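query_38.txt, holding compact mmCIF, C-alpha atoms and all ligand atoms:
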```
# COMPACT_ATOMS: atom_id res chain seq x y z
CA MET V 10 -56.15 12.64 -0.76
CA LYS V 11 -55.66 11.01 -4.18
CA LYS V 12 -53.59 14.03 -5.27
CA LEU V 13 -51.43 13.73 -2.15
CA SER V 14 -50.70 10.04 -2.69
CA SER V 15 -49.76 10.60 -6.39
CA LEU V 16 -47.40 13.37 -5.25
CA PHE V 17 -45.89 10.96 -2.72
CA VAL V 18 -45.39 8.25 -5.40
CA PHE V 19 -43.84 10.85 -7.74
CA ILE V 20 -41.34 11.99 -5.07
CA LEU V 21 -40.55 8.36 -4.23
CA LEU V 22 -39.86 7.60 -7.91
CA LEU V 23 -37.60 10.65 -8.13
CA LYS V 24 -35.69 9.44 -5.08
CA ILE V 25 -35.33 5.91 -6.43
CA ASN V 26 -34.12 7.33 -9.76
CA ALA V 27 -31.57 9.50 -7.98
CA MET V 28 -30.39 6.52 -5.93
CA MET V 29 -30.07 4.35 -9.04
CA ALA V 30 -28.16 7.10 -10.86
CA GLN V 31 -25.82 7.38 -7.88
CA ASP V 32 -25.30 3.64 -7.88
CA ASN V 33 -24.61 3.59 -11.62
CA LYS V 34 -21.90 6.18 -11.18
CA ALA V 35 -18.30 5.07 -11.29
CA HIS V 36 -16.62 5.42 -7.88
CA VAL V 37 -13.19 6.96 -8.34
CA LEU V 38 -10.47 7.18 -5.73
CA VAL V 39 -8.11 10.14 -5.99
CA LEU V 40 -5.11 8.72 -4.14
CA ILE V 41 -2.30 11.10 -3.27
CA HIS V 42 0.93 11.55 -1.46
CA SER V 43 1.76 15.20 -0.77
CA ASP V 44 4.40 16.85 1.44
CA ASN V 45 3.48 20.50 1.05
CA GLY V 46 0.00 20.45 -0.44
CA GLY V 47 0.80 21.06 -4.14
CA THR V 48 -0.39 17.60 -5.16
CA TYR V 49 -3.47 18.04 -2.97
CA GLU V 50 -4.36 21.26 -4.80
CA LEU V 51 -4.30 19.37 -8.10
CA ALA V 52 -6.22 16.47 -6.52
CA LYS V 53 -9.09 18.80 -5.61
CA GLU V 54 -9.32 19.95 -9.24
CA ILE V 55 -9.13 16.38 -10.55
CA ALA V 56 -11.94 15.40 -8.13
CA ALA V 57 -14.03 18.42 -9.19
CA GLY V 58 -13.56 17.40 -12.84
CA ILE V 59 -14.61 13.82 -12.06
CA GLU V 60 -17.74 14.99 -10.25
CA SER V 61 -18.60 17.53 -12.98
CA SER V 62 -19.00 14.73 -15.50
CA ASN V 63 -22.09 13.35 -13.70
CA HIS V 64 -20.71 9.93 -14.61
CA ALA V 65 -18.69 9.46 -11.46
CA SER V 66 -18.15 10.35 -7.83
CA ALA V 67 -14.73 11.07 -6.35
CA VAL V 68 -13.14 10.66 -2.95
CA ILE V 69 -9.68 12.01 -2.10
CA LYS V 70 -7.50 9.91 0.21
CA GLN V 71 -3.79 9.91 1.00
CA VAL V 72 -1.29 7.09 1.25
CA LYS V 73 -0.17 7.91 4.79
CA GLU V 74 -0.94 10.27 7.63
CA SER V 75 0.43 13.78 7.35
CA SER V 76 1.28 16.25 10.09
CA SER V 77 0.82 19.19 7.70
CA GLN V 78 -2.10 21.47 8.69
CA LYS V 79 -3.39 21.37 5.08
CA LEU V 80 -3.31 17.60 4.80
CA LYS V 81 -3.92 16.12 8.22
CA ASN V 82 -7.69 15.76 7.81
CA ILE V 83 -7.51 13.83 4.56
CA PRO V 84 -8.44 10.18 5.22
CA VAL V 85 -5.75 7.54 4.74
CA ALA V 86 -6.47 4.78 2.19
CA THR V 87 -5.80 1.13 2.93
CA VAL V 88 -4.17 -1.06 0.31
CA ASP V 89 -7.07 -3.49 0.38
CA GLU V 90 -9.70 -0.92 -0.50
CA LEU V 91 -8.08 -0.11 -3.87
CA ALA V 92 -9.78 -3.04 -5.59
CA SER V 93 -13.23 -1.77 -4.61
CA TYR V 94 -13.14 1.32 -6.88
CA ASP V 95 -14.03 1.70 -10.57
CA GLY V 96 -10.94 3.82 -11.23
CA ILE V 97 -8.03 5.45 -9.42
CA ALA V 98 -6.37 8.81 -10.12
CA PHE V 99 -2.89 8.68 -8.57
CA GLY V 100 -1.07 11.89 -7.58
CA SER V 101 2.36 12.47 -6.04
CA PRO V 102 5.21 14.97 -5.93
CA VAL V 103 8.04 14.49 -8.44
CA TYR V 104 11.10 13.12 -6.60
CA PHE V 105 14.23 12.98 -8.74
CA GLY V 106 12.29 12.33 -11.95
CA ASN V 107 10.34 9.62 -10.19
CA ILE V 108 7.29 9.09 -8.00
CA SER V 109 7.69 10.16 -4.37
CA THR V 110 8.98 7.82 -1.67
CA GLY V 111 5.62 7.92 0.14
CA MET V 112 3.75 6.81 -2.99
CA SER V 113 6.41 4.25 -3.80
CA GLU V 114 6.20 2.77 -0.27
CA PHE V 115 2.41 2.50 -0.57
CA LEU V 116 2.61 0.83 -3.99
CA SER V 117 5.20 -1.63 -2.69
CA LYS V 118 2.53 -2.85 -0.26
CA THR V 119 0.21 -3.82 -3.16
CA VAL V 120 1.97 -7.11 -3.95
CA ASN V 121 -1.03 -9.12 -2.74
CA LEU V 122 -3.32 -7.17 -5.07
CA TRP V 123 -0.86 -7.78 -7.88
CA THR V 124 -0.59 -11.54 -7.34
CA ASN V 125 -4.40 -11.70 -7.20
CA HIS V 126 -4.82 -9.54 -10.35
CA ALA V 127 -7.11 -7.36 -8.28
CA LEU V 128 -6.46 -4.11 -10.18
CA GLU V 129 -6.31 -5.65 -13.63
CA GLY V 130 -8.53 -3.83 -16.13
CA MET V 131 -9.22 -0.95 -13.75
CA PRO V 132 -8.62 2.50 -15.29
CA ALA V 133 -5.88 4.66 -13.78
CA THR V 134 -4.66 8.16 -14.48
CA VAL V 135 -1.75 10.08 -12.95
CA PHE V 136 -0.90 13.67 -12.01
CA MET V 137 2.06 15.22 -10.19
CA SER V 138 3.30 18.32 -8.47
CA ALA V 139 6.82 19.22 -9.59
CA GLY V 140 9.30 21.84 -8.38
CA SER V 141 11.13 23.22 -11.41
CA GLY V 142 9.47 20.62 -13.61
CA ALA V 143 12.79 18.88 -14.31
CA GLY V 144 12.09 15.23 -15.15
CA LYS V 145 8.33 15.63 -14.79
CA GLU V 146 7.50 13.43 -17.76
CA LEU V 147 9.99 10.80 -16.66
CA ALA V 148 8.22 10.86 -13.32
CA LEU V 149 4.75 10.52 -14.86
CA GLN V 150 6.01 7.64 -16.91
CA SER V 151 7.55 5.97 -13.86
CA PHE V 152 4.07 6.07 -12.30
CA TRP V 153 2.80 4.23 -15.37
CA ASN V 154 5.48 1.56 -14.96
CA SER V 155 4.09 0.42 -11.60
CA LEU V 156 0.48 0.68 -12.70
CA ALA V 157 1.20 -1.24 -15.91
CA VAL V 158 2.57 -4.11 -13.82
CA HIS V 159 -0.84 -4.19 -12.13
CA GLY V 160 -2.46 -4.44 -15.58
CA MET V 161 -4.37 -1.19 -15.06
CA VAL V 162 -5.85 0.62 -18.06
CA LEU V 163 -3.67 3.75 -18.27
CA VAL V 164 -5.67 6.79 -19.29
CA SER V 165 -3.51 9.56 -20.70
CA ASN V 166 -4.61 13.14 -20.78
CA GLY V 167 -3.87 13.72 -24.46
CA ILE V 168 -3.84 17.31 -25.62
CA ARG V 169 -6.72 19.21 -24.07
CA GLY V 170 -7.26 22.69 -22.73
CA THR V 171 -4.13 24.10 -24.32
CA GLU V 172 -5.96 26.43 -26.73
CA THR V 173 -6.55 29.06 -24.07
CA MET V 174 -3.43 28.33 -22.01
CA ASN V 175 -0.97 31.13 -21.28
CA LYS V 176 2.11 29.97 -23.16
CA ALA V 177 4.26 32.89 -22.00
CA ILE V 178 4.98 31.17 -18.68
CA PRO V 179 6.12 27.60 -17.92
CA GLN V 180 3.09 25.37 -17.30
CA GLY V 181 2.80 21.77 -16.22
CA ASN V 182 0.81 20.45 -19.17
CA SER V 183 1.77 16.98 -20.34
CA VAL V 184 -0.03 14.41 -22.47
CA LEU V 185 0.49 11.77 -19.76
CA GLY V 186 -1.18 13.77 -17.01
CA ILE V 187 -1.25 17.24 -15.50
CA THR V 188 1.67 18.49 -13.43
CA SER V 189 2.21 21.78 -11.63
CA VAL V 190 5.52 23.60 -11.80
CA ALA V 191 5.30 24.62 -8.16
CA SER V 192 8.65 26.27 -7.48
CA LEU V 193 8.26 28.96 -10.17
CA LYS V 194 6.84 31.78 -8.11
CA ASP V 195 5.97 34.30 -10.85
CA VAL V 196 2.32 33.29 -10.48
CA GLU V 197 0.40 31.32 -7.90
CA ARG V 198 0.78 27.55 -8.35
CA PRO V 199 -1.06 25.58 -9.52
CA THR V 200 -1.86 28.28 -12.10
CA LYS V 201 -5.42 28.71 -13.22
CA ASP V 202 -4.48 26.92 -16.46
CA GLU V 203 -2.97 23.99 -14.54
CA ARG V 204 -6.14 23.83 -12.43
CA LEU V 205 -8.30 23.82 -15.57
CA LEU V 206 -6.21 21.08 -17.15
CA ALA V 207 -6.56 19.03 -13.95
CA GLN V 208 -10.34 19.43 -14.09
CA LEU V 209 -10.40 18.37 -17.74
CA GLN V 210 -8.25 15.36 -16.89
CA GLY V 211 -10.68 14.39 -14.12
CA ARG V 212 -13.68 14.84 -16.41
CA ASN V 213 -12.14 12.75 -19.19
CA PHE V 214 -11.08 10.07 -16.71
CA ALA V 215 -14.60 9.88 -15.28
CA LYS V 216 -15.97 9.09 -18.74
CA VAL V 217 -13.54 6.20 -19.16
CA ALA V 218 -14.13 4.91 -15.62
CA ALA V 219 -17.91 5.01 -16.14
CA ALA V 220 -17.62 3.28 -19.51
CA LEU V 221 -15.50 0.47 -18.06
CA LYS V 222 -17.47 0.12 -14.81
CA GLY V 223 -18.54 -3.48 -14.28
CA THR V 224 -16.78 -4.80 -17.38
CA LEU V 225 -14.57 -7.20 -15.42
CA SER V 226 -16.08 -10.60 -16.23
CA LYS V 227 -17.31 -12.88 -13.45
CA LYS V 228 -14.34 -15.16 -14.13
CA GLU V 229 -11.89 -12.34 -13.58
CA THR V 230 -13.71 -11.16 -10.48
CA ALA V 231 -13.58 -14.71 -9.13
CA SER V 232 -9.82 -14.68 -9.52
CA ILE V 233 -9.72 -11.71 -7.14
CA GLU V 234 -11.07 -13.97 -4.43
CA LYS V 235 -8.79 -16.92 -5.07
CA PRO V 236 -6.32 -17.70 -2.29
CA MET V 237 -3.12 -15.76 -2.32
CA ASP V 238 -0.09 -17.29 -4.03
CA PHE V 239 2.38 -17.09 -1.13
CA LYS V 240 5.24 -18.69 -3.07
CA ALA V 241 5.11 -15.95 -5.72
CA MET V 242 4.70 -13.27 -3.06
CA LEU V 243 7.71 -14.48 -1.02
CA GLN V 244 9.79 -14.66 -4.19
CA GLN V 245 8.71 -11.16 -5.19
CA LYS V 246 9.64 -9.81 -1.77
CA ASN V 247 12.95 -11.67 -1.80
CA ILE V 248 12.03 -13.60 1.36
CA VAL V 249 13.77 -16.98 1.34
CA LEU V 250 12.53 -19.54 3.83
CA PRO V 251 15.46 -21.58 5.22
CA GLN V 252 15.49 -25.37 5.62
CA VAL V 253 13.40 -26.43 8.60
CA PRO V 254 15.85 -26.67 11.54
CA LYS V 255 16.13 -30.20 12.98
CA PRO V 256 15.12 -30.65 16.64
CA ALA V 257 18.11 -30.86 18.99
CA GLY V 258 16.33 -33.12 21.51
CA ASN V 259 13.27 -35.20 22.19
CA TYR V 260 10.74 -32.72 20.79
CA LYS V 261 9.14 -31.70 17.47
CA PRO V 262 9.68 -28.51 15.40
CA PHE V 263 5.95 -27.80 15.83
CA VAL V 264 2.91 -29.18 17.55
CA ARG V 265 -0.62 -28.78 16.24
CA SER V 266 -3.37 -28.69 18.83
CA GLY V 267 -6.78 -28.18 17.25
CA ASN V 268 -6.31 -25.27 14.86
CA LEU V 269 -3.30 -23.85 16.69
CA ILE V 270 0.32 -24.43 15.71
CA PHE V 271 3.01 -23.96 18.40
CA ILE V 272 6.60 -23.23 17.31
CA ASN V 273 9.83 -22.27 19.15
CA GLN V 274 13.03 -21.33 17.34
CA VAL V 275 16.48 -19.80 17.95
CA ALA V 276 18.81 -17.99 15.51
CA LEU V 277 20.09 -21.04 13.70
CA LYS V 278 21.35 -20.18 10.21
CA ASP V 279 23.21 -22.53 7.83
CA GLY V 280 23.80 -25.02 10.65
CA LYS V 281 25.21 -22.58 13.23
CA ILE V 282 23.94 -19.83 15.51
CA LEU V 283 23.98 -16.40 13.85
CA ASN V 284 25.56 -13.63 15.98
CA PRO V 285 25.64 -15.62 19.25
CA GLY V 286 26.03 -14.20 22.75
CA LYS V 287 24.75 -11.52 25.09
CA LEU V 288 23.62 -8.09 23.86
CA GLY V 289 25.99 -5.38 25.00
CA VAL V 290 28.76 -7.90 25.77
CA ASP V 291 29.29 -10.12 22.70
CA VAL V 292 26.90 -8.56 20.18
CA ASN V 293 25.28 -5.19 19.42
CA GLU V 294 21.63 -4.35 18.72
CA GLN V 295 22.07 -4.54 14.94
CA GLN V 296 23.48 -8.06 15.24
CA VAL V 297 20.62 -9.13 17.52
CA LYS V 298 18.15 -7.71 14.99
CA GLU V 299 19.79 -9.83 12.27
CA ALA V 300 19.55 -12.86 14.56
CA THR V 301 15.88 -12.03 15.25
CA LYS V 302 15.13 -11.97 11.52
CA ALA V 303 16.90 -15.34 11.06
CA THR V 304 14.90 -16.74 13.99
CA MET V 305 11.57 -15.53 12.61
CA LEU V 306 12.44 -16.97 9.18
CA ASN V 307 12.99 -20.31 10.94
CA VAL V 308 9.57 -19.96 12.57
CA LEU V 309 7.96 -19.24 9.19
CA SER V 310 9.77 -22.15 7.61
CA VAL V 311 8.45 -24.53 10.29
CA LEU V 312 4.98 -23.02 9.89
CA ASN V 313 5.19 -23.59 6.14
CA GLU V 314 5.91 -27.26 6.82
CA ALA V 315 3.06 -27.43 9.33
CA VAL V 316 0.56 -26.26 6.67
CA GLY V 317 1.94 -28.58 3.99
CA GLY V 318 3.65 -25.78 2.07
CA ASP V 319 0.44 -23.75 1.66
CA LEU V 320 0.74 -20.60 3.77
CA SER V 321 -2.70 -19.45 2.57
CA LYS V 322 -4.04 -21.86 5.23
CA VAL V 323 -2.74 -19.53 7.95
CA LYS V 324 -5.72 -17.69 9.45
CA GLN V 325 -3.90 -15.57 12.02
CA CYS V 326 -0.62 -15.10 13.81
CA VAL V 327 -2.00 -15.29 17.35
CA GLN V 328 1.02 -14.50 19.51
CA LEU V 329 4.78 -13.98 19.29
CA THR V 330 7.05 -14.04 22.33
CA GLY V 331 10.60 -12.79 21.94
CA ILE V 332 13.21 -13.72 24.54
CA PHE V 333 16.51 -11.85 24.30
CA ASN V 334 19.87 -12.56 25.92
CA THR V 335 20.38 -9.17 27.60
CA LYS V 336 22.02 -7.56 30.61
CA ASP V 337 19.84 -6.82 33.67
CA ASP V 338 19.35 -3.13 32.92
CA TYR V 339 18.37 -3.51 29.22
CA THR V 340 14.92 -2.13 28.33
CA LYS V 341 14.62 -1.88 24.52
CA HIS V 342 13.44 -5.45 23.84
CA ALA V 343 10.46 -4.15 21.86
CA ASP V 344 12.73 -2.52 19.25
CA LEU V 345 14.49 -5.82 18.69
CA MET V 346 11.23 -7.77 18.45
CA ASN V 347 9.77 -5.33 15.91
CA VAL V 348 11.95 -7.04 13.31
CA ALA V 349 10.01 -10.28 13.81
CA SER V 350 6.64 -8.54 14.00
CA ASP V 351 7.28 -6.50 10.85
CA LEU V 352 8.33 -9.59 8.91
CA THR V 353 5.17 -11.43 9.99
CA VAL V 354 2.94 -8.53 8.91
CA GLU V 355 4.88 -8.18 5.66
CA VAL V 356 4.13 -11.81 4.83
CA PHE V 357 0.54 -12.13 6.13
CA GLY V 358 -0.79 -8.56 6.08
CA GLU V 359 -3.66 -8.08 8.56
CA LYS V 360 -3.55 -11.79 9.44
CA GLY V 361 0.04 -11.26 10.56
CA LYS V 362 -0.92 -8.85 13.35
CA HIS V 363 -0.51 -10.56 16.70
CA ALA V 364 -0.43 -10.20 20.47
CA ARG V 365 3.15 -10.00 21.67
CA ALA V 366 5.40 -10.40 24.67
CA THR V 367 9.11 -9.63 24.94
CA LEU V 368 11.48 -10.31 27.79
CA GLY V 369 15.15 -10.53 28.69
CA ALA V 370 16.94 -13.65 29.87
CA SER V 371 20.36 -14.12 31.46
CA SER V 372 21.12 -16.90 28.98
CA ILE V 373 19.46 -18.70 26.06
CA PRO V 374 20.10 -22.25 24.82
CA VAL V 375 23.07 -22.77 22.45
CA ASN V 376 24.17 -19.21 23.25
CA SER V 377 21.62 -17.74 20.81
CA SER V 378 20.99 -14.04 21.38
CA VAL V 379 17.27 -14.60 20.81
CA GLU V 380 14.51 -17.19 20.98
CA ILE V 381 11.02 -16.75 19.50
CA GLN V 382 7.92 -18.64 20.56
CA ALA V 383 5.02 -18.41 18.10
CA ILE V 384 1.39 -19.47 18.00
CA PHE V 385 -0.53 -19.46 14.70
CA GLU V 386 -4.16 -20.31 13.94
CA VAL V 387 -4.58 -22.31 10.75
CA GLU V 388 -7.44 -23.81 8.71
C1 LIG C 401 13.55 14.33 -2.64
C2 LIG C 401 12.94 15.33 -3.59
C3 LIG C 401 13.23 15.26 -4.94
C4 LIG C 401 12.66 16.14 -5.84
N1 LIG C 401 12.93 16.03 -7.15
C5 LIG C 401 12.36 16.86 -8.04
C6 LIG C 401 12.60 16.70 -9.45
O1 LIG C 401 13.31 15.81 -9.91
N2 LIG C 401 11.98 17.58 -10.28
C7 LIG C 401 11.17 18.57 -9.85
O2 LIG C 401 10.64 19.32 -10.64
N3 LIG C 401 10.92 18.73 -8.50
C8 LIG C 401 11.48 17.90 -7.60
N4 LIG C 401 11.22 18.04 -6.27
C9 LIG C 401 10.29 19.09 -5.82
C10 LIG C 401 8.86 18.56 -5.58
O3 LIG C 401 8.42 17.80 -6.65
C11 LIG C 401 7.94 19.73 -5.40
O4 LIG C 401 8.32 20.47 -4.24
C12 LIG C 401 6.47 19.36 -5.31
O5 LIG C 401 5.70 20.50 -5.57
C13 LIG C 401 6.06 18.83 -3.94
O6 LIG C 401 4.72 18.46 -4.00
P1 LIG C 401 3.77 18.59 -2.73
O7 LIG C 401 3.54 20.07 -2.53
O8 LIG C 401 2.52 17.86 -3.05
O9 LIG C 401 4.49 17.98 -1.59
C14 LIG C 401 11.80 17.17 -5.37
C15 LIG C 401 11.50 17.24 -3.99
C16 LIG C 401 12.07 16.33 -3.12
C17 LIG C 401 11.72 16.41 -1.64
```

Represent the supplied structure as structure tokens.
Amino acid sequence: MKKLSSLFVFILLLKINAMMAQDNKAHVLVLIHSDNGGTYELAKEIAAGIESSNHASAVIKQVKESSSQKLKNIPVATVDELASYDGIAFGSPVYFGNISTGMSEFLSKTVNLWTNHALEGMPATVFMSAGSGAGKELALQSFWNSLAVHGMVLVSNGIRGTETMNKAIPQGNSVLGITSVASLKDVERPTKDERLLAQLQGRNFAKVAAALKGTLSKKETASIEKPMDFKAMLQQKNIVLPQVPKPAGNYKPFVRSGNLIFINQVALKDGKILNPGKLGVDVNEQQVKEATKATMLNVLSVLNEAVGGDLSKVKQCVQLTGIFNTKDDYTKHADLMNVASDLTVEVFGEKGKHARATLGASSIPVNSSVEIQAIFEVE
């Protein structure tokens, strides 16, 4: 009996040790965009290299859903989860000596992380799948440009693994990070040397990620949680809030009831209605979309006033209703209203997602092509 209980305690200690070791490991995200799977092939080697170090665990995710058979089961990363890792290995195809559009679009959504310094001090490394290899180092460096703006610690690959490399064929080795020269079909790509270099890159990166794990000071971590600087974010995104339109009658630009703010606006811009009239008669869809954007900017401007110029007090966009001046048989109101919805989500992220209604009207006040009614919940 005594022997049995000592065995039980021993196994328990082993388990606790294993759990602690797991917890002490650096958690690395291998974040990719890939069209045809070349970048994914390298990502698997990078992840294997990370795991082989015993210092870190790796998870591969992609920046957007893919319809490719090879890629469709890879989970899609959210922007917000990036800050939760101890390091990120970024991979993308080379597009015209640059990072790919898919990766670029994803990174352009990280403005909130940037303004909150959320990735500062976190190690990053990059790898790419190229076609001919033209501009591959420019492309790797362009990756670094974006990550440097985030204040990430850029981990180069240096010169490793080249001793045994077959130098008789073009290979994607680079000191900045591994690439694969995918369109050269003399041998299978990535070559076994490119795969090895990717593993070595992952292994080296894991060491750095593990060494830096938890080194962000409490003060810096606290800054991650501080409220978002909306003024800087709007400026960065080139979103200019217009002057709050003056009421044209016996009403107020907004009413606050409890924690809800109610706002109604039309397409007033610089003192006159932008693209006035009926869709399909006086104006086309593109013009109504422009008017919709101007209208939503008016809504945001009034909202900004309602929260005393501090948009971080907005808890949720609850509902948007878009009313469009259309002919009886028009049905694509949702396309028009997407302009307003997209702008709201661009500004507020998840908090900008709302319930929505759209409808057509035979006329709208002051001959505007659109009116938007909005309800926001605020602190
Ligand atoms: C728009 C576009 C631009 C590209 N520009 C380059 C380039 O400048 N240099 C290069 O070597 N390959 C270039 N390629 C080829 C891709 O980098 C190559 O096919 C890569 O292996 C794709 O990676 P994936 O298999 O992960 O999608 C380009 C491909 C596209 C679609």

task: Could you please determine the separation between CA of Pro251 (chain V) and CA of Ser266 (chain V) in Å, to one decimal place?
output: 24.3 Å

How close does each residue of chain V get to ligand LIG 401 (chain C), giving the shortest atom pair and distance in Å to one decimal for every residue with an atom at most 10 Å away, counting all atoms listed in the file, sorted by chain and residue number, as a Markdown table?
```
| residue | atom | partner | partner_atom | distance |
| --- | --- | --- | --- | --- |
| V:Ile41 | CA | C:LIG401 | O8 | 8.3 |
| V:His42 | CA | C:LIG401 | O8 | 6.7 |
| V:Ser43 | CA | C:LIG401 | O8 | 3.6 |
| V:Asp44 | CA | C:LIG401 | O9 | 3.2 |
| V:Asn45 | CA | C:LIG401 | O7 | 3.6 |
| V:Gly46 | CA | C:LIG401 | O7 | 4.1 |
| V:Gly47 | CA | C:LIG401 | O7 | 3.3 |
| V:Thr48 | CA | C:LIG401 | O8 | 3.6 |
| V:Tyr49 | CA | C:LIG401 | O8 | 6.0 |
| V:Glu50 | CA | C:LIG401 | O8 | 7.9 |
| V:Leu51 | CA | C:LIG401 | O8 | 8.6 |
| V:Ala52 | CA | C:LIG401 | O8 | 9.5 |
| V:Leu80 | CA | C:LIG401 | O8 | 9.8 |
| V:Gly100 | CA | C:LIG401 | O8 | 8.3 |
| V:Ser101 | CA | C:LIG401 | O8 | 6.2 |
| V:Pro102 | CA | C:LIG401 | O6 | 4.0 |
| V:Val103 | CA | C:LIG401 | O3 | 3.8 |
| V:Tyr104 | CA | C:LIG401 | C3 | 3.4 |
| V:Phe105 | CA | C:LIG401 | O1 | 3.2 |
| V:Gly106 | CA | C:LIG401 | O1 | 4.2 |
| V:Asn107 | CA | C:LIG401 | O1 | 6.9 |
| V:Ile108 | CA | C:LIG401 | O3 | 8.9 |
| V:Ser109 | CA | C:LIG401 | C1 | 7.4 |
| V:Thr110 | CA | C:LIG401 | C1 | 8.0 |
| V:Met137 | CA | C:LIG401 | O6 | 7.5 |
| V:Ser138 | CA | C:LIG401 | O5 | 4.3 |
| V:Ala139 | CA | C:LIG401 | O3 | 3.6 |
| V:Gly140 | CA | C:LIG401 | N3 | 3.5 |
| V:Ser141 | CA | C:LIG401 | O2 | 4.0 |
| V:Gly142 | CA | C:LIG401 | O2 | 3.4 |
| V:Ala143 | CA | C:LIG401 | O2 | 4.3 |
| V:Gly144 | CA | C:LIG401 | N2 | 5.4 |
| V:Lys145 | CA | C:LIG401 | O2 | 6.0 |
| V:Glu146 | CA | C:LIG401 | N2 | 9.7 |
| V:Leu147 | CA | C:LIG401 | O1 | 9.0 |
| V:Ala148 | CA | C:LIG401 | O1 | 7.9 |
| V:Gly181 | CA | C:LIG401 | O2 | 9.9 |
| V:Thr188 | CA | C:LIG401 | O5 | 9.1 |
| V:Ser189 | CA | C:LIG401 | O5 | 7.1 |
| V:Val190 | CA | C:LIG401 | O2 | 6.8 |
| V:Ala191 | CA | C:LIG401 | O5 | 4.9 |
| V:Ser192 | CA | C:LIG401 | O4 | 6.7 |
| V:Leu193 | CA | C:LIG401 | O2 | 9.9 |
| V:Arg198 | CA | C:LIG401 | O5 | 9.0 |
| V:Pro199 | CA | C:LIG401 | O5 | 9.3 |
```

query: Got a sec: who's within 10 Å of Leu306 (chain V), counting only C-alpha atoms, leaving out chain neighbours fewer than 5 positions off, as a PyMOL selection string?
result: chain V and resi 248-253+274+276-278+300-301+311-312+349+352-353

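Proximity to Ala370 (chain V) was assessed for V:Thr335, V:Thr304, V:Gln150, V:Asn293 counting only C-alpha atoms; the smallest distance is recorded for V:Thr335.
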
- prompt: Given the choices V:Thr134, V:Thr224, V:Asn175, V:Ser377, which gets closest to Ile97 (chain V) if the distance is worked out from all atoms listed in the file?
  reply: V:Thr134

- prompt: Can you list, as a list in words, every protein, DNA or RNA residue that comes within 10 Å of Pro374 (chain V) when you count only C-alpha atoms, leaving out same-chain residues fewer than 6 positions away?
  reply: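 Listing them by chain and then by number gives Val275, Asn334 and Glu380 of chain V.
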
task: Between CA of Gly211 (chain V) and CA of Glu197 (chain V), measure the distance and give it in Å to one decimal.
output: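 Distance reported for this atom pair: 21.2 Å.
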
Around all of region 45-61 of chain V's listed atoms, make the axis-aligned box with 6 Å on each side and tell me centre and edge lengths in Å to one decimal, as lines of an AutoDock Vina configuration file.
```
center_x = -7.6
center_y = 17.5
center_z = -6.0
size_x = 34.1
size_y = 19.4
size_z = 26.0
```

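Taking CA of Met131 (chain V) and CA of Ile83 (chain V) as the two end points, the separation is 23.6 Å.
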
message: Need the shell around Val356 (chain V): protein/DNA/RNA residues with any atom at most 9 Å away, counting all atoms listed in the file. Skip same-chain ones fewer than 3 positions apart. Format as a PyMOL selection string?
response: chain V and resi 239+242-243+246+248+351-353+360-361

task: May I have the residues within 12 Å of Phe357 (chain V) as a list in words, using only C-alpha atoms and disregarding those fewer than 6 positions away in the same chain?
output: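 My reading of the contact set: Lys118, Val120, Asn121, Met237, Asp238, Phe239, Met242, Leu243, Leu309, Leu320, Ser321, Lys322, Val323, Lys324, Gln325, Cys326, Val327, Ser350, Asp351, His363 and Phe385 of chain V.
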
query: Around (-4.0, 3.6, -6.3) in the file's frame, which residues reach within 7 Å when counting only C-alpha atoms? Return as a PyMOL selection string?
result: chain V and resi 40+91+97-99

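Of the residues under consideration (V:Asn273, V:Gln71, V:Leu221, V:Asp319), V:Asn273 shows the shortest atom-to-atom contact distance to Ala257 (chain V) when counting all atoms listed in the file.
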
statement: Of V:Ile178, V:Val217, V:Leu116, V:Lys79, the one sitting nearest Gly130 (chain V) when using only C-alpha atoms is V:Val217

field: Proximity to Asn307 (chain V) - best of V:Lys362, V:Gln245, V:Ala383, V:Ile373, all atoms listed in the file
entry: V:Ala383

- prompt: Restricting the calculation to all atoms listed in the file, which member of V:Lys34, V:Arg265, V:Lys298, V:Lys240 is positioned closest to Glu386 (chain V)?
  reply: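 For Glu386 (chain V), the nearest of the given residues is V:Arg265.
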
task: With a distance cut-off of 10 Å and only C-alpha atoms, select the neighbouring residues of Phe115 (chain V), excluding the residue or stretch itself and same-chain residues fewer than 6 positions from it, and output the selection as a PyMOL selection string.
output: chain V and resi 42+71-73+86-88
